[in-house]
file model.pdb (PDB, C-alpha atoms)
ATOM      1  CA  MET A  11      79.284 118.671 113.583  1.00  0.00           C
ATOM      2  CA  ILE A  12      76.918 115.683 113.775  1.00  0.00           C
ATOM      3  CA  GLN A  13      76.783 113.980 117.129  1.00  0.00           C
ATOM      4  CA  ARG A  14      75.819 110.318 117.132  1.00  0.00           C
ATOM      5  CA  ASN A  15      74.677 110.182 120.745  1.00  0.00           C
ATOM      6  CA  HIS A  16      72.794 113.491 120.918  1.00  0.00           C
ATOM      7  CA  PRO A  17      69.422 112.839 122.644  1.00  0.00           C
ATOM      8  CA  LYS A  18      67.046 115.179 120.839  1.00  0.00           C
ATOM      9  CA  PRO A  19      67.636 115.590 117.104  1.00  0.00           C
ATOM     10  CA  SER A  20      68.105 112.242 115.418  1.00  0.00           C
ATOM     11  CA  ILE A  21      70.967 111.622 113.022  1.00  0.00           C
ATOM     12  CA  SER A  22      68.681 112.029 110.013  1.00  0.00           C
ATOM     13  CA  GLN A  23      67.442 115.385 111.342  1.00  0.00           C
ATOM     14  CA  GLN A  24      71.007 116.542 112.008  1.00  0.00           C
ATOM     15  CA  CYS A  25      71.993 115.522 108.472  1.00  0.00           C
ATOM     16  CA  LYS A  26      69.090 117.525 107.048  1.00  0.00           C
ATOM     17  CA  LEU A  27      70.150 120.574 109.060  1.00  0.00           C
ATOM     18  CA  VAL A  28      73.643 120.556 107.579  1.00  0.00           C
ATOM     19  CA  SER A  29      72.437 119.468 104.084  1.00  0.00           C
ATOM     20  CA  LEU A  30      74.297 116.178 104.195  1.00  0.00           C
ATOM     21  CA  SER A  31      72.878 112.880 103.003  1.00  0.00           C
ATOM     22  CA  ARG A  32      72.876 110.021 105.470  1.00  0.00           C
ATOM     23  CA  LEU A  33      74.747 107.896 102.951  1.00  0.00           C
ATOM     24  CA  VAL A  34      77.683 110.303 103.073  1.00  0.00           C
ATOM     25  CA  PHE A  35      77.518 110.342 106.862  1.00  0.00           C
ATOM     26  CA  TYR A  36      77.627 106.538 107.229  1.00  0.00           C
ATOM     27  CA  TYR A  37      80.076 105.836 104.379  1.00  0.00           C
ATOM     28  CA  THR A  38      83.442 104.398 105.353  1.00  0.00           C
ATOM     29  CA  PRO A  39      86.061 104.431 102.564  1.00  0.00           C
ATOM     30  CA  VAL A  40      87.387 101.119 101.326  1.00  0.00           C
ATOM     31  CA  GLY A  41      91.095 100.833 100.609  1.00  0.00           C
ATOM     32  CA  ILE A  42      92.695  99.429  97.482  1.00  0.00           C
ATOM     33  CA  ASP A  43      93.383  95.704  97.695  1.00  0.00           C
ATOM     34  CA  ALA A  44      96.734  94.093  96.942  1.00  0.00           C
ATOM     35  CA  SER A  45      95.754  92.636  93.549  1.00  0.00           C
ATOM     36  CA  THR A  46      94.633  96.046  92.273  1.00  0.00           C
ATOM     37  CA  LEU A  47      97.870  97.605  93.526  1.00  0.00           C
ATOM     38  CA  SER A  48      99.907  94.986  91.678  1.00  0.00           C
ATOM     39  CA  MET A  49      97.910  95.684  88.493  1.00  0.00           C
ATOM     40  CA  MET A  50      98.542  99.403  88.921  1.00  0.00           C
ATOM     41  CA  LYS A  51     102.247  98.664  89.300  1.00  0.00           C
ATOM     42  CA  GLU A  52     102.221  96.651  86.060  1.00  0.00           C
ATOM     43  CA  ILE A  53     100.419  99.468  84.239  1.00  0.00           C
ATOM     44  CA  ASP A  54     102.917 101.986  85.609  1.00  0.00           C
ATOM     45  CA  CYS A  55     105.886  99.915  84.420  1.00  0.00           C
ATOM     46  CA  VAL A  56     104.436  99.626  80.906  1.00  0.00           C
ATOM     47  CA  PHE A  57     103.465 103.307  80.830  1.00  0.00           C
ATOM     48  CA  THR A  58     106.939 104.350  81.960  1.00  0.00           C
ATOM     49  CA  LYS A  59     108.470 102.331  79.129  1.00  0.00           C
ATOM     50  CA  TYR A  60     105.877 103.374  76.508  1.00  0.00           C
ATOM     51  CA  PRO A  61     104.236 106.684  77.505  1.00  0.00           C
ATOM     52  CA  PHE A  62     102.420 106.906  74.163  1.00  0.00           C
ATOM     53  CA  PHE A  63     100.418 103.703  74.813  1.00  0.00           C
ATOM     54  CA  GLY A  64      96.736 104.119  75.513  1.00  0.00           C
ATOM     55  CA  SER A  65      94.599 101.757  77.553  1.00  0.00           C
ATOM     56  CA  ARG A  66      94.016  99.342  74.666  1.00  0.00           C
ATOM     57  CA  GLN A  67      97.697  99.061  73.811  1.00  0.00           C
ATOM     58  CA  ILE A  68      98.658  98.617  77.467  1.00  0.00           C
ATOM     59  CA  ALA A  69      96.025  95.881  77.855  1.00  0.00           C
ATOM     60  CA  ALA A  70      97.333  94.130  74.738  1.00  0.00           C
ATOM     61  CA  TYR A  71     100.925  94.422  75.981  1.00  0.00           C
ATOM     62  CA  LEU A  72      99.952  92.980  79.370  1.00  0.00           C
ATOM     63  CA  ARG A  73      98.086  90.114  77.680  1.00  0.00           C
ATOM     64  CA  ARG A  74     101.293  89.229  75.838  1.00  0.00           C
ATOM     65  CA  GLU A  75     103.063  89.242  79.227  1.00  0.00           C
ATOM     66  CA  ASP A  76     100.389  86.849  80.633  1.00  0.00           C
ATOM     67  CA  VAL A  77      98.641  89.458  82.780  1.00  0.00           C
ATOM     68  CA  ALA A  78      94.895  89.148  82.182  1.00  0.00           C
ATOM     69  CA  MET A  79      93.287  92.579  82.287  1.00  0.00           C
ATOM     70  CA  GLY A  80      90.736  94.204  79.975  1.00  0.00           C
ATOM     71  CA  HIS A  81      91.156  97.645  78.469  1.00  0.00           C
ATOM     72  CA  HIS A  82      88.204  99.038  80.442  1.00  0.00           C
ATOM     73  CA  ARG A  83      89.913  98.164  83.721  1.00  0.00           C
ATOM     74  CA  VAL A  84      93.212  99.516  82.437  1.00  0.00           C
ATOM     75  CA  ARG A  85      91.467 102.761  81.466  1.00  0.00           C
ATOM     76  CA  ARG A  86      89.849 103.081  84.904  1.00  0.00           C
ATOM     77  CA  LEU A  87      93.116 102.408  86.734  1.00  0.00           C
ATOM     78  CA  MET A  88      95.009 104.813  84.486  1.00  0.00           C
ATOM     79  CA  ALA A  89      92.460 107.502  85.328  1.00  0.00           C
ATOM     80  CA  THR A  90      92.844 106.713  89.024  1.00  0.00           C
ATOM     81  CA  MET A  91      96.617 107.082  88.740  1.00  0.00           C
ATOM     82  CA  GLY A  92      96.326 110.212  86.593  1.00  0.00           C
ATOM     83  CA  LEU A  93      98.069 108.667  83.580  1.00  0.00           C
ATOM     84  CA  GLU A  94      97.333 109.895  80.073  1.00  0.00           C
ATOM     85  CA  ALA A  95      98.899 108.840  76.799  1.00  0.00           C
ATOM     86  CA  ILE A  96     100.990 111.418  74.978  1.00  0.00           C
TER      87      ILE A  96
END

call {"tool": "encode", "arguments": {"input": "model.pdb", "output": "structure tokens"}}
result
Amino acid sequence: MIQRNHPKPSISQQCKLVSLSRLVFYYTPVGIDASTLSMMKEIDCVFTKYPFFGSRQIAAYLRREDVAMGHHRVRRLMATMGLEAI
């Protein structure tokens, strides 16, 4: 669709033609790091045991288990994993 080495229309002109922002064209996705994956695993274990826990209760439970994580991060990771309290 957009050719990087095309001589005449520049990349910005090609992006305008297809209604695509240059940011989207140049963006390379970043993977999830190992620490975030381990936190997601901890959240999943707690959620499997207590599916009625929300983000605040999961964060409190993890604090008691010596895993430091705030409820905002727990909420974001739960949304990423598609988890919702009953």

call {"tool": "residues_around", "arguments": {"input": "model.pdb", "residues": "Thr46 of chain A", "least_positions_apart": "2", "cutoff": "12 Å", "atoms": "all atoms listed in the file", "output": "number ranges by chain"}}
result
A: 41-44, 48-53, 79, 83-84, 86-88, 90-91

call {"tool": "resolve_selection", "arguments": {"input": "model.pdb", "expression": "the PyMOL selection byres ((chain A and resi 12) around 8)", "output": "number ranges by chain"}}
result
A: 11, 13-14, 21, 24-25

call {"tool": "write_last_selection", "arguments": {"input": "model.pdb", "atoms": "C-alpha atoms", "output": "mmCIF file, keeping the file's coordinate frame"}}
result
data_model
loop_
_atom_site.group_PDB
_atom_site.id
_atom_site.type_symbol
_atom_site.label_atom_id
_atom_site.label_comp_id
_atom_site.auth_asym_id
_atom_site.auth_seq_id
_atom_site.Cartn_x
_atom_site.Cartn_y
_atom_site.Cartn_z
ATOM 1 C CA MET A 11 79.284 118.671 113.583
ATOM 2 C CA GLN A 13 76.783 113.980 117.129
ATOM 3 C CA ARG A 14 75.819 110.318 117.132
ATOM 4 C CA ILE A 21 70.967 111.622 113.022
ATOM 5 C CA GLN A 24 71.007 116.542 112.008
ATOM 6 C CA CYS A 25 71.993 115.522 108.472
#

call {"tool": "atom_distance", "arguments": {"input": "model.pdb", "atom1": "atom CA of Leu93 of chain A", "atom2": "atom CA of Asp54 of chain A"}}
result
8.5 Å

call {"tool": "atom_distance", "arguments": {"input": "model.pdb", "atom1": "atom CA of Leu47 of chain A", "atom2": "atom CA of Ile96 of chain A"}}
result
23.3 Å

call {"tool": "atom_distance", "arguments": {"input": "model.pdb", "atom1": "atom CA of Ala89 of chain A", "atom2": "atom CA of Ile68 of chain A"}}
result
13.4 Å

call {"tool": "closest_residue", "arguments": {"input": "model.pdb", "among": "A:Ser22, A:Arg85, A:Gly92, A:Val56", "to": "Leu72 of chain A", "atoms": "all atoms listed in the file"}}
result
A:Val56

call {"tool": "resolve_selection", "arguments": {"input": "model.pdb", "expression": "the PyMOL selection byres ((chain A and resi 71) around 12)", "output": "list in words"}}
result
Glu52, Ile53, Cys55, Val56, Phe57, Lys59, Tyr60, Phe63, Gly64, Ser65, Arg66, Gln67, Ile68, Ala69, Ala70, Leu72, Arg73, Arg74, Glu75, Asp76, Val77, Ala78, Met79, Gly80, His81 and Val84 of chain A

call {"tool": "write_last_selection", "arguments": {"input": "model.pdb", "atoms": "C-alpha atoms", "output": "PDB file, in the frame of the given file"}}
result
ATOM      1  CA  GLU A  52     102.221  96.651  86.060  1.00  0.00           C
ATOM      2  CA  ILE A  53     100.419  99.468  84.239  1.00  0.00           C
ATOM      3  CA  CYS A  55     105.886  99.915  84.420  1.00  0.00           C
ATOM      4  CA  VAL A  56     104.436  99.626  80.906  1.00  0.00           C
ATOM      5  CA  PHE A  57     103.465 103.307  80.830  1.00  0.00           C
ATOM      6  CA  LYS A  59     108.470 102.331  79.129  1.00  0.00           C
ATOM      7  CA  TYR A  60     105.877 103.374  76.508  1.00  0.00           C
ATOM      8  CA  PHE A  63     100.418 103.703  74.813  1.00  0.00           C
ATOM      9  CA  GLY A  64      96.736 104.119  75.513  1.00  0.00           C
ATOM     10  CA  SER A  65      94.599 101.757  77.553  1.00  0.00           C
ATOM     11  CA  ARG A  66      94.016  99.342  74.666  1.00  0.00           C
ATOM     12  CA  GLN A  67      97.697  99.061  73.811  1.00  0.00           C
ATOM     13  CA  ILE A  68      98.658  98.617  77.467  1.00  0.00           C
ATOM     14  CA  ALA A  69      96.025  95.881  77.855  1.00  0.00           C
ATOM     15  CA  ALA A  70      97.333  94.130  74.738  1.00  0.00           C
ATOM     16  CA  LEU A  72      99.952  92.980  79.370  1.00  0.00           C
ATOM     17  CA  ARG A  73      98.086  90.114  77.680  1.00  0.00           C
ATOM     18  CA  ARG A  74     101.293  89.229  75.838  1.00  0.00           C
ATOM     19  CA  GLU A  75     103.063  89.242  79.227  1.00  0.00           C
ATOM     20  CA  ASP A  76     100.389  86.849  80.633  1.00  0.00           C
ATOM     21  CA  VAL A  77      98.641  89.458  82.780  1.00  0.00           C
ATOM     22  CA  ALA A  78      94.895  89.148  82.182  1.00  0.00           C
ATOM     23  CA  MET A  79      93.287  92.579  82.287  1.00  0.00           C
ATOM     24  CA  GLY A  80      90.736  94.204  79.975  1.00  0.00           C
ATOM     25  CA  HIS A  81      91.156  97.645  78.469  1.00  0.00           C
ATOM     26  CA  VAL A  84      93.212  99.516  82.437  1.00  0.00           C
TER      27      VAL A  84
END

call {"tool": "axis_aligned_box", "arguments": {"input": "model.pdb", "around": "segment 79-92 of chain A", "padding_each_side": "3 Å", "output": "JSON"}}
result
{"center_x": 92.4, "center_y": 101.4, "center_z": 83.7, "size_x": 14.4, "size_y": 23.6, "size_z": 16.6}

call {"tool": "closest_residue", "arguments": {"input": "model.pdb", "among": "A:Arg32, A:Ser45, A:Glu94, A:Tyr37", "to": "Phe62 of chain A", "atoms": "all atoms listed in the file"}}
result
A:Glu94

call {"tool": "build_atoms", "arguments": {"input": "model.pdb", "residues": "segment 70-89 of chain A", "atoms": "N, CA and C atoms", "output": "compact mmCIF listing (two decimals), in the frame of the given file"}}
result
# COMPACT_ATOMS: atom_id res chain seq x y z
N ALA A 70 96.78 95.12 75.68
CA ALA A 70 97.33 94.13 74.74
C ALA A 70 98.75 93.73 75.14
N TYR A 71 99.55 94.70 75.53
CA TYR A 71 100.92 94.42 75.98
C TYR A 71 100.91 93.51 77.21
N LEU A 72 100.03 93.80 78.16
CA LEU A 72 99.95 92.98 79.37
C LEU A 72 99.45 91.58 79.06
N ARG A 73 98.55 91.45 78.07
CA ARG A 73 98.09 90.11 77.68
C ARG A 73 99.24 89.29 77.13
N ARG A 74 100.12 89.94 76.36
CA ARG A 74 101.29 89.23 75.84
C ARG A 74 102.24 88.82 76.96
N GLU A 75 102.22 89.56 78.07
CA GLU A 75 103.06 89.24 79.23
C GLU A 75 102.33 88.34 80.23
N ASP A 76 101.20 87.76 79.82
CA ASP A 76 100.39 86.85 80.63
C ASP A 76 99.79 87.51 81.87
N VAL A 77 99.38 88.77 81.73
CA VAL A 77 98.64 89.46 82.78
C VAL A 77 97.26 89.73 82.20
N ALA A 78 96.25 89.03 82.72
CA ALA A 78 94.90 89.15 82.18
C ALA A 78 94.20 90.38 82.76
N MET A 79 93.96 91.36 81.87
CA MET A 79 93.29 92.58 82.29
C MET A 79 92.68 93.21 81.04
N GLY A 80 91.41 93.58 81.11
CA GLY A 80 90.74 94.20 79.97
C GLY A 80 91.07 95.68 79.86
N HIS A 81 90.79 96.25 78.67
CA HIS A 81 91.16 97.64 78.47
C HIS A 81 90.27 98.60 79.27
N HIS A 82 89.05 98.18 79.61
CA HIS A 82 88.20 99.04 80.44
C HIS A 82 88.79 99.19 81.84
N ARG A 83 89.29 98.09 82.39
CA ARG A 83 89.91 98.16 83.72
C ARG A 83 91.21 98.96 83.66
N VAL A 84 91.98 98.75 82.60
CA VAL A 84 93.21 99.52 82.44
C VAL A 84 92.89 101.00 82.36
N ARG A 85 91.85 101.35 81.60
CA ARG A 85 91.47 102.76 81.47
C ARG A 85 91.07 103.35 82.81
N ARG A 86 90.28 102.59 83.60
CA ARG A 86 89.85 103.08 84.90
C ARG A 86 91.03 103.26 85.84
N LEU A 87 91.95 102.30 85.86
CA LEU A 87 93.12 102.41 86.73
C LEU A 87 94.06 103.51 86.28
N MET A 88 94.18 103.71 84.98
CA MET A 88 95.01 104.81 84.49
C MET A 88 94.42 106.16 84.92
N ALA A 89 93.10 106.27 84.88
CA ALA A 89 92.46 107.50 85.33
C ALA A 89 92.66 107.71 86.81
